[in-house]
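Participant: If you scroll down you'll find the structure; I have some questions about it.
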Amino acid sequence: MDEFLIEIQNLKKYFPLKRGIFSKGQYVHAVDDVSVQIPSRKIFSIVGESGSGKTTFGRTILRLIEPTSGKIIYKGQDIMNLSQKEMITFRKKMQIVFQDPYNSLHPRRLVKDIIGEGLYIHEKISSNEILERVKAILKKVGLNEDHMFRYPHEFSGGQRQRIAMARALILNPEFIVLDEPTSALDVSVQATILDLLIDLKNTFSLTYLFITHNLAVVDYISDFVAVMYLGQIVEIGSKDDIFTLPSHPYTYALLSAIPDPDPKRKRSRTIPKGEIPSAVNPPQGCRFHPRCPYAKEICKRSDPAVIEASKGHFVKCHFPLR
Amino acid sequence: MKDAILTVKNLKVVFHTYRGTVHALDRINFTVLKNERFGIIGETGCGKSVTSLAIMRLIEQPGEIVEGEIVFDGKDLVKTQESILNTIRGREISMIFQEPLSSLNPVMKVGFQIGESIAKIKNTSIKSCRQEVFEALKAVDLDPTRVSNLYPHELSGGMAQRIMIAMALSSNPKLLIADEPTSALDVTIQAQIMNLLDDLVSKMNNTVILITHDLGVAAQFCDKIMIMYAGTVVEQAKTEELFDNPLHPYTKGLLKAIPKVGNRDKLTGIPGSVPDLVNPPSGCRFHPRCPYAMKICSVEKPPLTEMNPGHLVACHLYGDKNG
Amino acid sequence: MTLTEKISDFMEKRRPILEDWKHTFFLWRRTKLAIIGTVIVIVFVLVAIIGPFFIPYDPLSQNMAERLQPPSLKHFFGTDQFGRDIFSRVVSGSMIEVEIIIIVSIISGGIGLILGVIAGYFGGAIDEILMRATDMFLAFPSLILAMAFAAMLGPSLINTIIAISLVGWTVFARLARAEAMKVKNQPYIEAIRALGASRTRIISIHVTPMCVSPVLVQLTLRMGTVILTAASLGFLGLGVRPPLPEWGAMVSDGRSFLLDQWWISTFPGIAIAIVVLGFNLLGDGLRDIMDPRLRR
């Protein structure tokens with residue numbers, strides 16, 4: 001079995017909802033009792049629609065958002081127990097790349113300062129050495145050194161994501177959260193960025209947590225996949241488990257809703273009805289039951305347990321499809 | 001041969017900015033036939049949205065239609081007066097946008113706004129349109145009594161887009177332009193909306209222009225697809241023909257770059273990025289990124305020529321056939 | 001590397017900044033009023049700096065033989081009740097106004113920026129306290145408040161500056177706070193947090209520079225008001241002490257002679273009006289130019 005880089009146990013993040021002084025405090029259940037194990041040097045994808053809590057999950061793991069409860073065990077050490085100061089040194093190991101290439105780079109700083117930021121913070125080296133390191137990393141992400149003295153607005157979306165990747169890589173991290181890194185890009189560019197991500201993972205022996213809504217991208221890039229719905233993981237397994245034997249009705253629905261870029265294969269018309277309910281008052285029982293075509297009485301009442309459909313393939317459903 | 005409902009000839013649109021003139025559309029030509037579902041596909045900055053705005057004559061300063069004709073139902077919209085255009089917009093040509101919420105007034109109830117648009121078309125009072133509003137909402141699978149009393153901020157993205165469709169189709173327009181109608185939505189909701197649009201349009205026999213960057217959405221919905229790149233039309237064909245037998249290097253590149261579920265072959269992106277339209281490349285605008293670029297490509301703009309019946313392509317690779 | 005290579009290398013590295021300036025210049029050229037404002041302000045500053053070297057008379061020394069002379073070739077703007085040349089006084093007074101503007105801008109802009117960014121970035125209790133404090137300041141008409149401070153501190157140039165700065169910082173604090181609140185939630189700040197940057201570093205290096213430009217624009221817009229407040233304080237006897245040629249005090253000096261010797265009050269009054277107008281035109285223009293909707 002693979003060794004795990006990160007083990008997440010019962011992670012919860014509830015955001016308090018601001019209401020009137022006298023009304024009862026309500027919470028958005030953004031991440032609700034999630035446990036996953038992320039294997040070393042693999043690409044682990046989290047798929048979900050908007051409001052599934054996938055983005056919050058990614059940030060909570062890095063403690064960019066403090067979790068409500070739960071454990072985040074990184075190589076045997078629970079990082080929830082680290083002090084603010086210890087956390088700062090620890091951040092060298094875990095990085096993040098954001099979705100929006102236009103807002104994720106400081107608009108008033110030169111590329112060399114954006115990429116070199118991590119070195120300024122953590123390493124006491126001269127600015128010449130920093131420049132050398134920035135130069136080297138720029139080459140690795142497919143940019144050249146005269147890009148150093150430019151501002152982010154001069155770059156295209158794809159180039160900006162390369163810069164963001166360089167910023168994340170300069171501290172030699174082990175783990176990178178990729179939060180929809182290609183969703184804002186055109187398809188012709190997306191393909192090159194995906195390949196770059198795979199290359200970099202192999203060169204630097206990285207572990208990725210890849211967050212996305214695009215199943216086709218997941219199929220292309222990942223080793224393991226977790227499907228999230230309303231703050232919970234409903235199905236988790238290897239890529240083959242999820243794509244060839246989807247067991248949760250929601251996974252199945254997601255797969256059938258993708259518009260196939262092949263006019264001869266018409267999309268199936270069995271798509272889930274309705275929309276994602278609010279995470280403030282998630283449905284009782286199974287959270288997917290109001291949209292599930294197979295929902296029965298028990299689904300409304302009791303929260304399904306997680307069952308192992310096959311080895312390493314888990315599904316949270318009363319009536320898994322297989 | 002079916003009748004053309006919209007013919008765009010030599011349409012050229014520019015935007016005047018401080019950096020210089022942006023050549024947004026460079027003499028594009030296309031024809032949309034009656035009852036056709038015509039897809040315009042392209043990536044950021046290819047001019048697909050500018051095309052739709054030009055058809056609606058909604059290009060505003062600093063933009064300008066420099067030359068060309070947009071013949072809709074026998075009238076050249078470029079030369080039509082604003083007062084007449086107002087009778088065409090919303091009645092004969094309707095439009096759905098990517099951000100439905102930005103086209104709704106945030107302080108008025110949804111039912112009232114739909115009523116207002118129907119009343120304007122029918123020249124009656126809003127009150128007398130109550131029945132039509134309910135029917136319009138029912139047609140898009142919404143609960144009329146509940147939804148008509150909501151304010152726009154209470155709508156989800158999917159509901160808002162359904163309402164935009166209800167409003168756009170309430171006049172039974174001859175031409176419906178849908179500009180990225182599902183790009184801001186989740187896949188399951190996108191599928192719902194596209195199915196809904198499919199059903200309604202089949203029932204009402206409208207002509208549709210679907211503008212999208214998503215080849216999957218277009219493949220499932222359109223009869224004919226036109227591919228645009230950097231303000232030019234590069235290829236146009238029946239949907240199946242286009243996917244089976246793409247001719248233009250850009251189309252080929254696009255098809256190879258899309259990740260597909262169940263297909264784990266290596267993707268190949270198109271190197272480089274979209275050109276700056278202030279200084280567009282000479283000749284064929286795709287030549288700097290084209291793997292097959294020849295000498296002539298940087299010199300001469302390739303004409304749009306018909307290779308197979310109904311299959312048009314603008315590329316010098318196929319220049320021999322027409323001399 | 002030769003010198004020319006070095007220069008061209010330097011220019012190449014700074015090209016984006018130059019581009020940005022070019023764009024600003026382009027927008028500026030399109031707004032006529034901003035051009036007029038700029039010209040007035042430049043002339044005003046030039047007069048303040050080099051004027052004192054060219055004035056025909058000592059602005060402070062009295063000459064009873066030539067008191068209350070009307071404007072003539074000898075005394076362009078006439079003389080006052082002590083025989084001082086009003087032209088020389090107006091010209092050398094401009095330096096006092098420039099001093100007031102610069103020091104007030106630095107103090108009130110600086111305080112406002114720092115407090116605003118801290119309030120905006122941290123939020124919570126710190127924010128509440130600071131913002132209620134600005135509410136208190138903003139609840140009073142600014143001139144009344146400035147008068148109160150000036151009366152408390154006693155009339156002098158320094159105290160005028162302190163009084164105006166104390167009144168003015170609140171506006172900048174609010175602006176900087178709003179900007180900091182916006183900036184702190186941007187992904188680029190989150191990315192820097194993920195790199196492990198300390199709060200001090202994030203605030204000083206990454207957030208504050210983003211909050212400077214709205215404060216700067218507002219400062220320019222307020223410069224007219226600063227002059228007006230300083231002049232008002234001078235006029236009321238709460239500001240700069242005579243015999244220093246502060247324009248407001250000069251208007252006040254000529255008050256009792258207004259009917260027969262109109263020039264004593266009028267010329268410094270015109271100077272105030274023109275300079276205030278200049279700053280307001282420039283400020284309005286700058287606000288339009290800095291408007292992100294117009295840029296790119």
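Ordered as shown in the structure tokens, chains take letters A, B, and onward, while each chain numbers its residues from 1 and ligands are numbered from 1 in the order shown.
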Determine which residues of chain B sit within 9 Å of chain C, taking into account only C-alpha atoms, and present them as an MDAnalysis selection string.
Facilitator: chainID B and resid 17:19
Participant: Could you write out the selected residues, including all heavy atoms, as a short mmCIF file (atom, residue, chain, number, x, y, z; two decimals), in the first residue's frame?
Facilitator:
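Output below, filename selection.cif:
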data_model
loop_
_atom_site.label_atom_id
_atom_site.label_comp_id
_atom_site.auth_asym_id
_atom_site.auth_seq_id
_atom_site.Cartn_x
_atom_site.Cartn_y
_atom_site.Cartn_z
N THR B 17 -8.74 52.39 -28.76
CA THR B 17 -8.25 52.51 -27.39
C THR B 17 -6.97 53.34 -27.40
O THR B 17 -6.45 53.67 -28.47
CB THR B 17 -7.92 51.14 -26.78
OG1 THR B 17 -6.78 50.61 -27.44
CG2 THR B 17 -9.08 50.18 -26.93
N TYR B 18 -6.47 53.61 -26.21
CA TYR B 18 -5.28 54.46 -26.14
C TYR B 18 -4.06 53.75 -26.74
O TYR B 18 -3.12 54.39 -27.18
CB TYR B 18 -5.00 54.86 -24.69
CG TYR B 18 -4.13 53.90 -23.95
CD1 TYR B 18 -2.76 54.14 -23.79
CD2 TYR B 18 -4.65 52.73 -23.42
CE1 TYR B 18 -1.95 53.26 -23.13
CE2 TYR B 18 -3.85 51.85 -22.76
CZ TYR B 18 -2.49 52.11 -22.61
OH TYR B 18 -1.69 51.23 -21.97
N ARG B 19 -4.10 52.40 -26.75
CA ARG B 19 -2.94 51.69 -27.29
C ARG B 19 -2.98 51.65 -28.80
O ARG B 19 -2.03 51.25 -29.45
CB ARG B 19 -2.90 50.25 -26.76
CG ARG B 19 -2.67 50.19 -25.27
CD ARG B 19 -2.40 48.77 -24.84
NE ARG B 19 -3.45 47.88 -25.30
CZ ARG B 19 -3.24 46.70 -25.85
NH1 ARG B 19 -2.03 46.25 -26.01
NH2 ARG B 19 -4.26 45.96 -26.23
#
Participant: Could the residues of chain A within 10 Å of chain B, counting only C-alpha atoms, be given as an mmCIF file with N, CA, C and O atoms, in the first residue's frame, please?
Facilitator:
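Dumped to part.cif:
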data_model
loop_
_atom_site.group_PDB
_atom_site.id
_atom_site.type_symbol
_atom_site.label_atom_id
_atom_site.label_comp_id
_atom_site.auth_asym_id
_atom_site.auth_seq_id
_atom_site.Cartn_x
_atom_site.Cartn_y
_atom_site.Cartn_z
ATOM 1 N N GLY A 48 -16.200 18.524 -7.407
ATOM 2 C CA GLY A 48 -17.474 18.933 -6.854
ATOM 3 C C GLY A 48 -17.968 20.163 -7.571
ATOM 4 O O GLY A 48 -17.222 20.822 -8.287
ATOM 5 N N GLU A 49 -19.255 20.450 -7.394
ATOM 6 C CA GLU A 49 -19.807 21.642 -8.020
ATOM 7 C C GLU A 49 -19.641 22.816 -7.072
ATOM 8 O O GLU A 49 -19.169 22.655 -5.947
ATOM 9 N N SER A 50 -20.076 23.987 -7.489
ATOM 10 C CA SER A 50 -19.951 25.138 -6.587
ATOM 11 C C SER A 50 -20.810 24.875 -5.356
ATOM 12 O O SER A 50 -21.884 24.301 -5.450
ATOM 13 N N GLY A 51 -20.302 25.284 -4.202
ATOM 14 C CA GLY A 51 -21.030 25.046 -2.966
ATOM 15 C C GLY A 51 -20.788 23.677 -2.368
ATOM 16 O O GLY A 51 -21.383 23.324 -1.363
ATOM 17 N N PHE A 155 1.187 39.538 -18.866
ATOM 18 C CA PHE A 155 1.212 38.121 -19.223
ATOM 19 C C PHE A 155 -0.186 37.611 -19.524
ATOM 20 O O PHE A 155 -1.177 38.138 -19.034
ATOM 21 N N SER A 156 -0.237 36.553 -20.327
ATOM 22 C CA SER A 156 -1.517 35.906 -20.605
ATOM 23 C C SER A 156 -1.875 35.013 -19.418
ATOM 24 O O SER A 156 -1.046 34.753 -18.548
ATOM 25 N N GLY A 157 -3.111 34.534 -19.404
ATOM 26 C CA GLY A 157 -3.575 33.703 -18.302
ATOM 27 C C GLY A 157 -2.691 32.492 -18.053
ATOM 28 O O GLY A 157 -2.345 32.175 -16.919
ATOM 29 N N GLY A 158 -2.301 31.824 -19.128
ATOM 30 C CA GLY A 158 -1.472 30.632 -18.982
ATOM 31 C C GLY A 158 -0.109 30.967 -18.395
ATOM 32 O O GLY A 158 0.391 30.268 -17.511
ATOM 33 N N GLN A 159 0.473 32.062 -18.863
ATOM 34 C CA GLN A 159 1.783 32.464 -18.331
ATOM 35 C C GLN A 159 1.683 32.828 -16.857
ATOM 36 O O GLN A 159 2.573 32.541 -16.069
ATOM 37 N N LEU A 185 -8.721 29.189 -17.894
ATOM 38 C CA LEU A 185 -7.905 29.242 -19.107
ATOM 39 C C LEU A 185 -8.651 28.668 -20.311
ATOM 40 O O LEU A 185 -9.554 27.858 -20.165
ATOM 41 N N ASP A 186 -8.227 29.092 -21.488
ATOM 42 C CA ASP A 186 -8.770 28.510 -22.716
ATOM 43 C C ASP A 186 -8.283 27.076 -22.861
ATOM 44 O O ASP A 186 -7.205 26.733 -22.376
ATOM 45 N N VAL A 187 -9.072 26.246 -23.551
ATOM 46 C CA VAL A 187 -8.688 24.839 -23.650
ATOM 47 C C VAL A 187 -7.326 24.613 -24.271
ATOM 48 O O VAL A 187 -6.576 23.741 -23.834
ATOM 49 N N SER A 188 -7.001 25.417 -25.286
ATOM 50 C CA SER A 188 -5.712 25.176 -25.950
ATOM 51 C C SER A 188 -4.560 25.439 -24.988
ATOM 52 O O SER A 188 -3.495 24.842 -25.100
ATOM 53 N N VAL A 189 -4.768 26.329 -24.022
ATOM 54 C CA VAL A 189 -3.734 26.632 -23.042
ATOM 55 C C VAL A 189 -3.801 25.640 -21.888
ATOM 56 O O VAL A 189 -2.778 25.208 -21.352
ATOM 57 N N GLN A 190 -5.027 25.272 -21.519
ATOM 58 C CA GLN A 190 -5.222 24.337 -20.423
ATOM 59 C C GLN A 190 -4.388 23.078 -20.614
ATOM 60 O O GLN A 190 -3.737 22.608 -19.682
ATOM 61 N N ALA A 191 -4.389 22.557 -21.846
ATOM 62 C CA ALA A 191 -3.663 21.313 -22.099
ATOM 63 C C ALA A 191 -2.177 21.483 -21.784
ATOM 64 O O ALA A 191 -1.572 20.612 -21.157
ATOM 65 N N THR A 192 -1.596 22.620 -22.179
ATOM 66 C CA THR A 192 -0.166 22.801 -21.912
ATOM 67 C C THR A 192 0.102 22.940 -20.418
ATOM 68 O O THR A 192 1.102 22.439 -19.908
ATOM 69 N N ILE A 193 -0.799 23.595 -19.701
ATOM 70 C CA ILE A 193 -0.598 23.772 -18.261
ATOM 71 C C ILE A 193 -0.737 22.434 -17.535
ATOM 72 O O ILE A 193 0.045 22.111 -16.633
ATOM 73 N N LEU A 194 -1.710 21.626 -17.947
ATOM 74 C CA LEU A 194 -1.871 20.314 -17.312
ATOM 75 C C LEU A 194 -0.604 19.484 -17.485
ATOM 76 O O LEU A 194 -0.129 18.840 -16.543
ATOM 77 N N ASP A 195 -0.051 19.519 -18.693
ATOM 78 C CA ASP A 195 1.170 18.744 -18.924
ATOM 79 C C ASP A 195 2.331 19.291 -18.106
ATOM 80 O O ASP A 195 3.137 18.529 -17.575
ATOM 81 N N HIS A 213 -13.881 21.268 -10.875
ATOM 82 C CA HIS A 213 -15.255 20.844 -11.152
ATOM 83 C C HIS A 213 -15.291 20.051 -12.458
ATOM 84 O O HIS A 213 -16.321 19.533 -12.835
ATOM 85 N N ASN A 214 -14.148 19.985 -13.137
ATOM 86 C CA ASN A 214 -14.115 19.427 -14.478
ATOM 87 C C ASN A 214 -13.671 17.967 -14.455
ATOM 88 O O ASN A 214 -12.492 17.663 -14.274
ATOM 89 N N LEU A 215 -14.629 17.051 -14.654
ATOM 90 C CA LEU A 215 -14.309 15.630 -14.559
ATOM 91 C C LEU A 215 -13.361 15.165 -15.647
ATOM 92 O O LEU A 215 -12.564 14.248 -15.436
ATOM 93 N N ALA A 216 -13.456 15.802 -16.807
ATOM 94 C CA ALA A 216 -12.576 15.389 -17.894
ATOM 95 C C ALA A 216 -11.124 15.666 -17.526
ATOM 96 O O ALA A 216 -10.230 14.856 -17.799
ATOM 97 N N VAL A 217 -10.893 16.782 -16.867
ATOM 98 C CA VAL A 217 -9.537 17.111 -16.427
ATOM 99 C C VAL A 217 -9.082 16.117 -15.359
ATOM 100 O O VAL A 217 -7.943 15.644 -15.360
ATOM 101 N N VAL A 218 -9.989 15.782 -14.460
ATOM 102 C CA VAL A 218 -9.671 14.812 -13.407
ATOM 103 C C VAL A 218 -9.245 13.488 -14.030
ATOM 104 O O VAL A 218 -8.252 12.878 -13.629
ATOM 105 N N ASP A 219 -9.992 13.070 -15.026
ATOM 106 C CA ASP A 219 -9.690 11.793 -15.667
ATOM 107 C C ASP A 219 -8.303 11.836 -16.302
ATOM 108 O O ASP A 219 -7.583 10.851 -16.320
ATOM 109 N N TYR A 220 -7.938 12.988 -16.793
ATOM 110 C CA TYR A 220 -6.659 13.106 -17.463
ATOM 111 C C TYR A 220 -5.493 13.108 -16.478
ATOM 112 O O TYR A 220 -4.469 12.482 -16.708
ATOM 113 N N ILE A 221 -5.684 13.784 -15.336
ATOM 114 C CA ILE A 221 -4.514 14.085 -14.513
ATOM 115 C C ILE A 221 -4.376 13.226 -13.256
ATOM 116 O O ILE A 221 -3.269 13.017 -12.768
ATOM 117 N N ASP A 240 -9.755 4.740 -11.763
ATOM 118 C CA ASP A 240 -10.497 3.719 -12.490
ATOM 119 C C ASP A 240 -11.787 3.359 -11.778
ATOM 120 O O ASP A 240 -12.827 3.169 -12.403
ATOM 121 N N PHE A 243 -14.282 6.293 -12.480
ATOM 122 C CA PHE A 243 -14.740 6.526 -13.844
ATOM 123 C C PHE A 243 -15.346 5.300 -14.500
ATOM 124 O O PHE A 243 -16.231 5.428 -15.331
ATOM 125 N N THR A 244 -14.860 4.120 -14.137
ATOM 126 C CA THR A 244 -15.452 2.964 -14.789
ATOM 127 C C THR A 244 -16.556 2.334 -13.950
ATOM 128 O O THR A 244 -17.487 1.744 -14.485
ATOM 129 N N TYR A 250 -24.688 10.359 -7.348
ATOM 130 C CA TYR A 250 -24.239 11.698 -7.703
ATOM 131 C C TYR A 250 -23.048 11.646 -8.652
ATOM 132 O O TYR A 250 -22.980 12.395 -9.630
ATOM 133 N N ALA A 253 -24.346 10.856 -11.939
ATOM 134 C CA ALA A 253 -25.029 12.007 -12.535
ATOM 135 C C ALA A 253 -24.024 13.013 -13.083
ATOM 136 O O ALA A 253 -24.181 13.529 -14.193
ATOM 137 N N LEU A 254 -22.978 13.270 -12.299
ATOM 138 C CA LEU A 254 -21.951 14.205 -12.756
ATOM 139 C C LEU A 254 -21.359 13.738 -14.075
ATOM 140 O O LEU A 254 -21.177 14.514 -15.009
ATOM 141 N N LEU A 255 -21.050 12.438 -14.137
ATOM 142 C CA LEU A 255 -20.440 11.904 -15.344
ATOM 143 C C LEU A 255 -21.375 12.028 -16.533
ATOM 144 O O LEU A 255 -20.947 12.341 -17.641
ATOM 145 N N SER A 256 -22.671 11.802 -16.308
ATOM 146 C CA SER A 256 -23.564 11.830 -17.466
ATOM 147 C C SER A 256 -23.928 13.261 -17.864
ATOM 148 O O SER A 256 -24.444 13.471 -18.946
ATOM 149 N N ALA A 257 -23.668 14.212 -16.994
ATOM 150 C CA ALA A 257 -24.026 15.599 -17.329
ATOM 151 C C ALA A 257 -22.977 16.285 -18.190
ATOM 152 O O ALA A 257 -23.231 17.332 -18.765
ATOM 153 N N ILE A 258 -21.783 15.687 -18.293
ATOM 154 C CA ILE A 258 -20.736 16.341 -19.078
ATOM 155 C C ILE A 258 -21.132 16.353 -20.547
ATOM 156 O O ILE A 258 -21.474 15.319 -21.103
ATOM 157 N N PRO A 259 -21.102 17.518 -21.176
ATOM 158 C CA PRO A 259 -21.396 17.533 -22.610
ATOM 159 C C PRO A 259 -20.235 16.894 -23.380
ATOM 160 O O PRO A 259 -19.093 17.324 -23.271
ATOM 161 N N ASP A 260 -20.525 15.851 -24.113
ATOM 162 C CA ASP A 260 -19.484 15.116 -24.816
ATOM 163 C C ASP A 260 -19.096 15.849 -26.089
ATOM 164 O O ASP A 260 -19.944 16.154 -26.910
ATOM 165 N N PRO A 261 -17.814 16.162 -26.255
ATOM 166 C CA PRO A 261 -17.428 16.829 -27.505
ATOM 167 C C PRO A 261 -17.411 15.850 -28.670
ATOM 168 O O PRO A 261 -16.448 15.779 -29.410
ATOM 169 N N ASP A 262 -18.437 15.069 -28.794
ATOM 170 C CA ASP A 262 -18.569 14.152 -29.917
ATOM 171 C C ASP A 262 -20.051 14.140 -30.261
ATOM 172 O O ASP A 262 -20.868 13.606 -29.515
ATOM 173 N N PRO A 263 -20.423 14.772 -31.397
ATOM 174 C CA PRO A 263 -21.838 14.947 -31.698
ATOM 175 C C PRO A 263 -22.584 13.621 -31.858
ATOM 176 O O PRO A 263 -23.798 13.593 -31.759
ATOM 177 N N LYS A 264 -21.841 12.525 -32.094
ATOM 178 C CA LYS A 264 -22.554 11.264 -32.322
ATOM 179 C C LYS A 264 -23.004 10.609 -31.017
ATOM 180 O O LYS A 264 -23.920 9.817 -31.004
ATOM 181 N N ARG A 265 -22.278 10.965 -29.926
ATOM 182 C CA ARG A 265 -22.687 10.400 -28.637
ATOM 183 C C ARG A 265 -23.535 11.417 -27.892
ATOM 184 O O ARG A 265 -23.032 12.312 -27.241
ATOM 185 N N LYS A 266 -24.841 11.298 -28.024
ATOM 186 C CA LYS A 266 -25.726 12.270 -27.393
ATOM 187 C C LYS A 266 -25.702 12.064 -25.889
ATOM 188 O O LYS A 266 -25.626 10.952 -25.390
ATOM 189 N N ARG A 267 -25.788 13.166 -25.194
ATOM 190 C CA ARG A 267 -25.774 13.122 -23.739
ATOM 191 C C ARG A 267 -27.016 12.400 -23.213
ATOM 192 O O ARG A 267 -28.099 12.542 -23.764
ATOM 193 N N SER A 268 -26.833 11.625 -22.152
ATOM 194 C CA SER A 268 -28.002 10.986 -21.566
ATOM 195 C C SER A 268 -28.843 12.071 -20.913
ATOM 196 O O SER A 268 -28.328 13.066 -20.410
ATOM 197 N N ARG A 269 -30.155 11.876 -20.946
ATOM 198 C CA ARG A 269 -31.018 12.930 -20.425
ATOM 199 C C ARG A 269 -31.347 12.701 -18.952
ATOM 200 O O ARG A 269 -32.159 13.405 -18.378
ATOM 201 N N THR A 270 -30.727 11.683 -18.337
ATOM 202 C CA THR A 270 -30.992 11.469 -16.918
ATOM 203 C C THR A 270 -30.020 12.295 -16.096
ATOM 204 O O THR A 270 -28.964 11.827 -15.698
ATOM 205 N N ILE A 271 -30.388 13.525 -15.879
ATOM 206 C CA ILE A 271 -29.533 14.377 -15.069
ATOM 207 C C ILE A 271 -30.288 14.731 -13.806
ATOM 208 O O ILE A 271 -31.508 14.753 -13.804
ATOM 209 N N PRO A 272 -29.579 14.965 -12.713
ATOM 210 C CA PRO A 272 -30.298 15.211 -11.459
ATOM 211 C C PRO A 272 -31.163 16.445 -11.559
ATOM 212 O O PRO A 272 -30.765 17.457 -12.131
ATOM 213 N N LYS A 273 -32.346 16.335 -10.995
ATOM 214 C CA LYS A 273 -33.264 17.478 -10.998
ATOM 215 C C LYS A 273 -32.846 18.456 -9.898
ATOM 216 O O LYS A 273 -32.097 18.104 -8.989
ATOM 217 N N GLY A 274 -33.354 19.662 -9.971
ATOM 218 C CA GLY A 274 -33.150 20.632 -8.900
ATOM 219 C C GLY A 274 -31.718 21.122 -8.806
ATOM 220 O O GLY A 274 -30.883 20.815 -9.644
ATOM 221 N N GLU A 275 -31.465 21.914 -7.779
ATOM 222 C CA GLU A 275 -30.145 22.508 -7.619
ATOM 223 C C GLU A 275 -29.562 22.129 -6.262
ATOM 224 O O GLU A 275 -30.251 21.582 -5.416
ATOM 225 N N ILE A 276 -28.273 22.458 -6.084
ATOM 226 C CA ILE A 276 -27.628 22.138 -4.820
ATOM 227 C C ILE A 276 -28.304 22.913 -3.691
ATOM 228 O O ILE A 276 -28.407 24.130 -3.770
#
Participant: Kindly determine which residues of chain C lie within 7 Å of chain A, considering only C-alpha atoms, and give the answer as number ranges by chain.
Facilitator: C: 13, 16, 186-188, 191, 194-197
Participant: With C-alpha atoms retained, could you export that selection as an mmCIF file, in the first residue's frame?
Facilitator:
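Ended up saving to out-v3.cif:
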data_model
loop_
_atom_site.group_PDB
_atom_site.id
_atom_site.type_symbol
_atom_site.label_atom_id
_atom_site.label_comp_id
_atom_site.auth_asym_id
_atom_site.auth_seq_id
_atom_site.Cartn_x
_atom_site.Cartn_y
_atom_site.Cartn_z
ATOM 1 C CA LYS C 13 13.367 46.745 -17.138
ATOM 2 C CA PRO C 16 5.935 48.666 -17.710
ATOM 3 C CA GLN C 186 -7.533 39.049 -2.731
ATOM 4 C CA PRO C 187 -5.996 35.712 -3.685
ATOM 5 C CA TYR C 188 -2.558 37.292 -4.062
ATOM 6 C CA ALA C 191 -0.909 33.281 -1.601
ATOM 7 C CA ALA C 194 0.480 30.616 2.315
ATOM 8 C CA LEU C 195 4.176 31.321 1.778
ATOM 9 C CA GLY C 196 4.436 32.050 5.487
ATOM 10 C CA ALA C 197 4.817 35.830 5.485
#
Participant: For segment 87-98 of chain C, please output as a ChimeraX atom specification all residues within 8 Å (counting only C-alpha atoms; exclusion window: fewer than 2 positions along the same chain).
Facilitator: /C:44-45,47-49,51-52,55-60,75-78,84-85,100-102,227,244-247,267-268,271
Participant: Return as a list in words the full set of residues in segment 105-269 of chain A whose backbone-based DSSP assignment is strand (DSSP E).
Facilitator: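 Everything in segment 105-269 of chain A that counts as strand (DSSP E) is Phe175, Ile176, Val177, Leu178, Asp179, Thr207, Tyr208, Leu209, Phe210, Ile211, Thr212, Phe224, Val225, Ala226, Val227, Met228, Tyr229, Gln232, Ile233, Val234, Glu235, Ile236, Gly237 and Ser238 of chain A.
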